[in-house]
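Novice: A single structure is presented below for examination.
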Amino acid sequence: MGRLLRAELRKVSSTKLWWGLLVPAVVLSIIINVFGGLFTAAIPDDGGRLPLLLGSLAYTLGLTAVFAACYGVVATAGEFRHRTVTTTYLLGPRRWQVQLAAMGVSAVVGAGYGAVVALVGVLAGVAGQAGSAFPSVGALVAVTAIGMVVSALWAALGAALGVVVGNQVGGLVGVLVYLLLGELLISALLNSAASVTLQRLTSYLPGNAGDIAIYDIPARVLAGPQIGSRLVETLAGVTAPPPWWGALLVLAVWTAAVGATGWVVGSRRDVT
Amino acid sequence: MNDRSGRVTVQGLSKRFGAVVAVDGVTFSVEPGVVTGFLGPNGSGKTTTLRMIVGLITPTTGDARVNGVPFAELSDPARVVGAVLEAQGFHPARTARRHLLACAAAIGVPDAAVDHVLGTVGLTADADRGVGGYSLGMRQRLALAVALLGDPQVLILDEPGNGLDPEGIAWLRAFLRAFAAQGRSVLVSSHLLGEVEQTVDHLVVISKGRCMFQGPLAQLRGSRRARVLVRCAAPARLADALARTGVLEIDTLPDGRLGVAGTDPVHVGDVALAAGVAIYGLAEEKIDLEQLFFQLTAGPWRAG
């Protein structure tokens, strides 16, 4: 397993993929945190006393998770595209170990995306949002750490999805259409249902779960503990969200589920 | 478990893709110390069989073992089997050295092994270029370098001649012979007998997914009796005269010549002279292995 992790790390570091997807995430982070994101537009700032940076940072980290997911998909599905998977499976015929190594290394890359984006975001925020208060270090670290975990989980989920789909374009289109459109539609449908149980399901969709985890702490800091949860509902488009750790758990379960699917599908696939 | 013999055994191996039976009950073995040629026309099931041996394709029935165990259950697979397969890809932007370094990490061999195999296949000068700029022959060499990284006991090559120039083919031939001479096993596939004729000791011929011949190359040569081809004035009279001397295997060829088996030109000439039949041409038919191979794979022995 250690060998496969090392091999995976060497594969990652020998192509441009990891920074090719990091660059646009960083650019987005700069733009959003300098000008303030949609998140902060929702909050009336009375006299610049709110640490709005926490909000724009959360919004940025939510977007970063999409890049992390794309990274994961390309990392594994790209092996099918370039047919390197033949060599990979020749050297590591226990395919579930190969998949686990790819998911692990992708998670590290995803966490790195979160860390870099947060760091750049804070610097950009300091430069652009000079008028508002600077968030507490504790809250900043918490949001960053949660954002890193969300991106790590999405990268791992993407890597598993890449194995399931086995097709780079299909995997990428699938994950993007789902995250940027599909889940919004499903959420809207569930939210419009008469049953409260159905409405509550919105919090358990993977994209929403990641957003809830990231928005939870900033919403409480900015809007107060009473209406913080309502703010998360508005921002993530969900009903009755769990706390951040519950949301992380939901996303982790989704990642494990896609991972298990990859295990089954991947080990049965004929590599021709 | 792993008996360290270097033997590959294929037992009743079949693979069905939907309605297509790609491989149909193939049984053969690959022994250490010799080069085994795996021959068949394109689409006869060679690639599918080789990929089943190394666990890339799951057989529908039957099994393939290396050192007595299925490939995927070998604890150090790349140290036992090195494989160069068709359509084995590389990331175009990754350099050959970095590709090999990633492979070395997966196998668990030191990085120094990378320089060693680069030298063996003659890619040292091009090692730091992206593989996207490589020719087909260079990719084949790189694939071979990967296969050799683990210093394996068994080498499996699928159509390695593709893309190699004549010099490269000659080099590969010598390399495979030397590899087998060290007591290791080589299984090399080709759709051209002529390409491997000088390299292989043992032959497995497959057609339409079925095994048509398995044995030493010499046995294949001996399976066809030499004939004397005669052009003469009166074929029927000569055939009668030959039959009276006990030579009974006589065919009439489409061009009017007689094909006489089980004798030699001297006897045919003597009989013709005694029978008063003028002879216009007398030739010994050469045993053309390629022709034999063609007959095995497409001729009257074709699997129904």
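The chains in the structure tokens are called A, B, ... from first to last as shown; in each chain the residues are counted from 1, and the ligands are counted from 1 in the order shown.
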Would you kindly report the residues of chain B within 10 Å of chain A, using only C-alpha atoms, as a VMD selection string?
Specialist: chain B and resid 17 47 to 48 51 to 52 54 to 59 71 to 79 81 to 95 97 to 109 143 146 to 147 150
Novice: I need the residues from that last selection saved to file as a short mmCIF file (atom, residue, chain, number, x, y, z; two decimals), in the first residue's frame (with C-alpha atoms), if you can.
Specialist:
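Saved file result-v2.cif follows:
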data_model
loop_
_atom_site.label_atom_id
_atom_site.label_comp_id
_atom_site.auth_asym_id
_atom_site.auth_seq_id
_atom_site.Cartn_x
_atom_site.Cartn_y
_atom_site.Cartn_z
CA PHE B 17 -17.61 -10.65 -24.87
CA THR B 47 -4.31 -10.24 -26.93
CA THR B 48 -7.33 -11.35 -24.91
CA ARG B 51 -4.47 -10.03 -20.87
CA MET B 52 -6.25 -12.85 -19.07
CA VAL B 54 -1.96 -11.00 -16.29
CA GLY B 55 -5.38 -10.45 -14.76
CA LEU B 56 -6.47 -7.48 -16.84
CA ILE B 57 -9.38 -9.44 -18.27
CA THR B 58 -11.41 -11.88 -16.18
CA PRO B 59 -11.88 -15.23 -17.96
CA PHE B 71 -1.36 -13.37 -11.39
CA ALA B 72 -3.35 -11.10 -9.07
CA GLU B 73 -2.46 -13.28 -6.10
CA LEU B 74 1.30 -13.00 -6.60
CA SER B 75 2.73 -11.00 -3.72
CA ASP B 76 5.22 -9.20 -5.98
CA PRO B 77 3.61 -9.48 -9.44
CA ALA B 78 6.02 -7.18 -11.28
CA ARG B 79 9.01 -9.14 -9.97
CA VAL B 81 5.99 -11.10 -14.74
CA GLY B 82 7.01 -8.23 -16.95
CA ALA B 83 4.54 -7.52 -19.73
CA VAL B 84 4.61 -5.40 -22.85
CA LEU B 85 1.04 -5.24 -24.09
CA GLU B 86 -0.56 -3.57 -27.06
CA ALA B 87 -2.25 -0.25 -26.40
CA GLN B 88 -0.24 0.20 -23.25
CA GLY B 89 -0.31 3.94 -22.86
CA PHE B 90 1.74 6.73 -21.42
CA HIS B 91 0.77 10.20 -20.30
CA PRO B 92 2.03 12.38 -23.17
CA ALA B 93 3.34 15.14 -20.89
CA ARG B 94 5.16 12.81 -18.50
CA THR B 95 8.80 12.10 -19.27
CA ARG B 97 12.16 8.84 -16.54
CA ARG B 98 9.28 10.07 -14.40
CA HIS B 99 7.00 7.36 -15.77
CA LEU B 100 9.61 4.77 -14.82
CA LEU B 101 10.16 6.36 -11.40
CA ALA B 102 6.44 6.07 -10.64
CA CYS B 103 6.55 2.42 -11.78
CA ALA B 104 9.67 1.76 -9.69
CA ALA B 105 7.85 3.09 -6.62
CA ALA B 106 4.87 0.83 -7.30
CA ILE B 107 7.12 -2.24 -7.69
CA GLY B 108 9.31 -1.29 -4.76
CA VAL B 109 12.65 -1.30 -6.57
CA ALA B 143 7.09 -0.35 -22.34
CA VAL B 146 8.81 -0.89 -17.50
CA ALA B 147 8.45 -4.65 -17.94
CA GLY B 150 11.17 -5.67 -11.58
#
Novice: Can you pull out every residue within 12 Å of Phe179 (chain B), counting only C-alpha atoms, but drop anything in the same chain fewer than 6 positions away, and send it as a VMD selection string?
Specialist: chain B and resid 32 to 35 148 151 to 156 172 to 173 185 to 187 199
Novice: Just to be explicit: take each residue in the selection above, keep N, CA and C atoms, and write the result as a compact mmCIF listing (two decimals), in the first residue's frame.
Specialist:
# COMPACT_ATOMS: atom_id res chain seq x y z
N PRO B 32 10.08 -22.40 -18.59
CA PRO B 32 11.29 -21.58 -18.43
C PRO B 32 12.41 -22.07 -19.33
N GLY B 33 13.27 -21.15 -19.73
CA GLY B 33 14.44 -21.51 -20.52
C GLY B 33 14.22 -21.52 -22.01
N VAL B 34 12.97 -21.36 -22.44
CA VAL B 34 12.71 -21.33 -23.88
C VAL B 34 11.86 -20.11 -24.23
N VAL B 35 11.92 -19.75 -25.51
CA VAL B 35 11.04 -18.69 -26.00
C VAL B 35 9.83 -19.37 -26.64
N LEU B 148 10.87 -4.62 -17.56
CA LEU B 148 12.13 -5.16 -17.03
C LEU B 148 12.47 -4.61 -15.65
N ASP B 151 12.94 -6.89 -12.76
CA ASP B 151 13.83 -8.02 -13.04
C ASP B 151 13.04 -9.33 -13.00
N PRO B 152 12.02 -9.44 -13.88
CA PRO B 152 11.04 -10.53 -13.74
C PRO B 152 11.57 -11.88 -14.25
N GLN B 153 10.87 -12.93 -13.81
CA GLN B 153 11.18 -14.30 -14.23
C GLN B 153 10.56 -14.61 -15.58
N VAL B 154 9.43 -13.95 -15.84
CA VAL B 154 8.64 -14.24 -17.04
C VAL B 154 8.44 -12.95 -17.81
N LEU B 155 8.65 -13.02 -19.12
CA LEU B 155 8.42 -11.84 -19.95
C LEU B 155 7.32 -12.17 -20.95
N ILE B 156 6.29 -11.32 -20.99
CA ILE B 156 5.18 -11.53 -21.92
C ILE B 156 5.12 -10.32 -22.85
N LEU B 172 15.86 -6.96 -30.35
CA LEU B 172 14.87 -7.62 -29.49
C LEU B 172 15.01 -9.13 -29.55
N ARG B 173 15.25 -9.63 -30.76
CA ARG B 173 15.43 -11.07 -30.98
C ARG B 173 16.57 -11.59 -30.11
N SER B 185 11.42 -17.40 -18.62
CA SER B 185 10.40 -17.74 -19.61
C SER B 185 10.05 -16.53 -20.47
N VAL B 186 9.82 -16.79 -21.74
CA VAL B 186 9.38 -15.72 -22.65
C VAL B 186 8.17 -16.21 -23.43
N LEU B 187 7.12 -15.40 -23.43
CA LEU B 187 5.95 -15.67 -24.27
C LEU B 187 5.78 -14.45 -25.16
N THR B 199 13.36 -16.76 -33.53
CA THR B 199 13.48 -16.49 -32.10
C THR B 199 12.92 -17.59 -31.23
Novice: Can you tell me which residues surround Leu172 (chain A) at a distance of at most 8 Å, considering only C-alpha atoms, apart from same-chain residues fewer than 6 positions away, and format the answer as an NGL selection string?
Specialist: :A and (70 or 73-74)
Novice: Region 36-41 of chain B: which residues within 9 Å, counting only C-alpha atoms, same-chain residues fewer than 6 positions away excluded, as a PyMOL selection string?
Specialist: chain B and resi 29-30+158+185-193+196-197+199-208+216+293-294+297-298
Novice: Leu205 (chain A): which residues within 10 Å, counting only C-alpha atoms, same-chain residues fewer than 2 positions away excluded, as a count of residues only?
Specialist: 16
Novice: How many Å separate CA of Ala111 (chain A) from CA of Leu184 (chain A)?
Specialist: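 Computing it gives 24.8 Å between the two atoms.
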Novice: DSSP on the backbone, alpha helix (DSSP H) only: what residues of region 35-230 of chain A does that give? Format it as an MDAnalysis selection string.
Specialist: chainID A and resid 35 38:41 53:81 85:91 95:128 137:165 168:177 183:191 196:201 206:230
Novice: Tell me which protein, DNA and RNA residues are within 12 Å of Val116 (chain A), counting only C-alpha atoms, leaving out same-chain ones fewer than 3 positions away, and put them as a VMD selection string.
Specialist: chain A and resid 19 22 to 27 29 to 30 57 60 to 61 64 109 to 113 119 to 123 144 to 145 147 to 148 151
Novice: I need the residues from that last selection saved to file as a CSV table (one decimal), in the first residue's frame (with N, CA and C atoms), if you can.
Specialist:
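Just written: result-v9.csv:
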chain,number,residue,atom,x,y,z
A,19,TRP,N,-1.6,21.7,-10.7
A,19,TRP,CA,-1.6,23.1,-10.6
A,19,TRP,C,-2.4,23.8,-11.7
A,22,LEU,N,-5.5,24.2,-9.9
A,22,LEU,CA,-5.3,25.1,-8.7
A,22,LEU,C,-5.3,26.5,-9.1
A,23,VAL,N,-4.7,26.8,-10.3
A,23,VAL,CA,-4.6,28.2,-10.7
A,23,VAL,C,-6.0,28.9,-10.9
A,24,PRO,N,-6.9,28.3,-11.6
A,24,PRO,CA,-8.2,29.0,-11.7
A,24,PRO,C,-8.9,29.2,-10.3
A,25,ALA,N,-8.7,28.2,-9.4
A,25,ALA,CA,-9.3,28.3,-8.1
A,25,ALA,C,-8.7,29.4,-7.3
A,26,VAL,N,-7.4,29.6,-7.5
A,26,VAL,CA,-6.7,30.7,-6.8
A,26,VAL,C,-7.2,32.1,-7.3
A,27,VAL,N,-7.3,32.1,-8.7
A,27,VAL,CA,-7.8,33.4,-9.3
A,27,VAL,C,-9.2,33.7,-8.8
A,29,SER,N,-10.5,32.9,-6.0
A,29,SER,CA,-10.4,33.2,-4.6
A,29,SER,C,-10.0,34.7,-4.5
A,30,ILE,N,-9.1,35.1,-5.3
A,30,ILE,CA,-8.6,36.5,-5.3
A,30,ILE,C,-9.8,37.5,-5.6
A,57,LEU,N,-14.8,34.0,2.2
A,57,LEU,CA,-13.8,32.9,2.3
A,57,LEU,C,-14.6,31.5,2.2
A,60,THR,N,-15.7,30.9,-1.3
A,60,THR,CA,-14.6,30.5,-2.1
A,60,THR,C,-14.2,29.0,-1.9
A,61,LEU,N,-14.2,28.7,-0.6
A,61,LEU,CA,-13.9,27.3,-0.3
A,61,LEU,C,-15.0,26.3,-0.9
A,64,THR,N,-14.0,25.9,-4.4
A,64,THR,CA,-12.8,25.1,-4.5
A,64,THR,C,-13.0,23.6,-4.5
A,109,VAL,N,-4.2,16.3,-2.2
A,109,VAL,CA,-4.2,17.4,-3.2
A,109,VAL,C,-5.4,18.3,-2.9
A,110,GLY,N,-6.5,17.7,-2.7
A,110,GLY,CA,-7.7,18.5,-2.4
A,110,GLY,C,-7.6,19.4,-1.2
A,111,ALA,N,-7.0,18.8,-0.1
A,111,ALA,CA,-6.8,19.6,1.1
A,111,ALA,C,-5.8,20.7,0.8
A,112,GLY,N,-4.8,20.4,0.0
A,112,GLY,CA,-3.8,21.4,-0.4
A,112,GLY,C,-4.5,22.6,-1.1
A,113,TYR,N,-5.5,22.2,-2.0
A,113,TYR,CA,-6.2,23.2,-2.7
A,113,TYR,C,-6.9,24.2,-1.7
A,119,LEU,N,-5.5,30.7,2.1
A,119,LEU,CA,-4.3,31.6,2.4
A,119,LEU,C,-4.4,32.8,1.4
A,120,VAL,N,-4.6,32.5,0.1
A,120,VAL,CA,-4.6,33.6,-0.9
A,120,VAL,C,-5.9,34.4,-0.6
A,121,GLY,N,-7.0,33.8,-0.2
A,121,GLY,CA,-8.2,34.5,0.0
A,121,GLY,C,-8.1,35.4,1.2
A,122,VAL,N,-7.4,35.0,2.2
A,122,VAL,CA,-7.3,35.9,3.4
A,122,VAL,C,-6.4,37.1,3.0
A,123,LEU,N,-5.3,36.9,2.3
A,123,LEU,CA,-4.5,38.0,1.8
A,123,LEU,C,-5.3,38.9,0.9
A,144,THR,N,-11.2,27.4,7.4
A,144,THR,CA,-10.1,26.9,6.5
A,144,THR,C,-10.0,25.3,6.7
A,145,ALA,N,-10.0,24.9,7.9
A,145,ALA,CA,-9.8,23.5,8.2
A,145,ALA,C,-11.0,22.7,7.6
A,147,GLY,N,-13.0,23.6,5.2
A,147,GLY,CA,-12.9,23.7,3.8
A,147,GLY,C,-11.9,22.8,3.2
A,148,MET,N,-10.8,22.6,3.9
A,148,MET,CA,-9.8,21.6,3.5
A,148,MET,C,-10.3,20.2,3.5
A,151,SER,N,-12.8,19.8,0.6
A,151,SER,CA,-12.1,19.6,-0.7
A,151,SER,C,-11.4,18.2,-0.8
Novice: Within 12 Å of Val137 (chain A), counting only C-alpha atoms, which residues qualify if same-chain residues fewer than 3 places away don't, as JSON, numbers by chain?
Specialist: {"A": [51, 53, 54, 122, 134, 140, 141, 142, 143, 144, 145]}
Novice: How many Å lie between CA of Gly259 (chain B) and CA of Gly194 (chain B), rounded to one decimal?
Specialist: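 Result for CA of Gly259 (chain B) versus CA of Gly194 (chain B): 25.1 Å, one decimal.
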Novice: In terms of the shortest atom-to-atom distance over only C-alpha atoms, which of B:Asp63, B:Asp115, B:Glu159, B:Asp128 is closest to Asn42 (chain B)?
Specialist: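 Looking only at the distances to Asn42 (chain B), the closest residue turns out to be B:Glu159.
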Novice: Using only C-alpha atoms, pick whichever of B:Leu296, B:Leu220, B:Leu242, B:Ile53 has the shortest atom-to-atom distance to Asp270 (chain B).
Specialist: B:Leu242
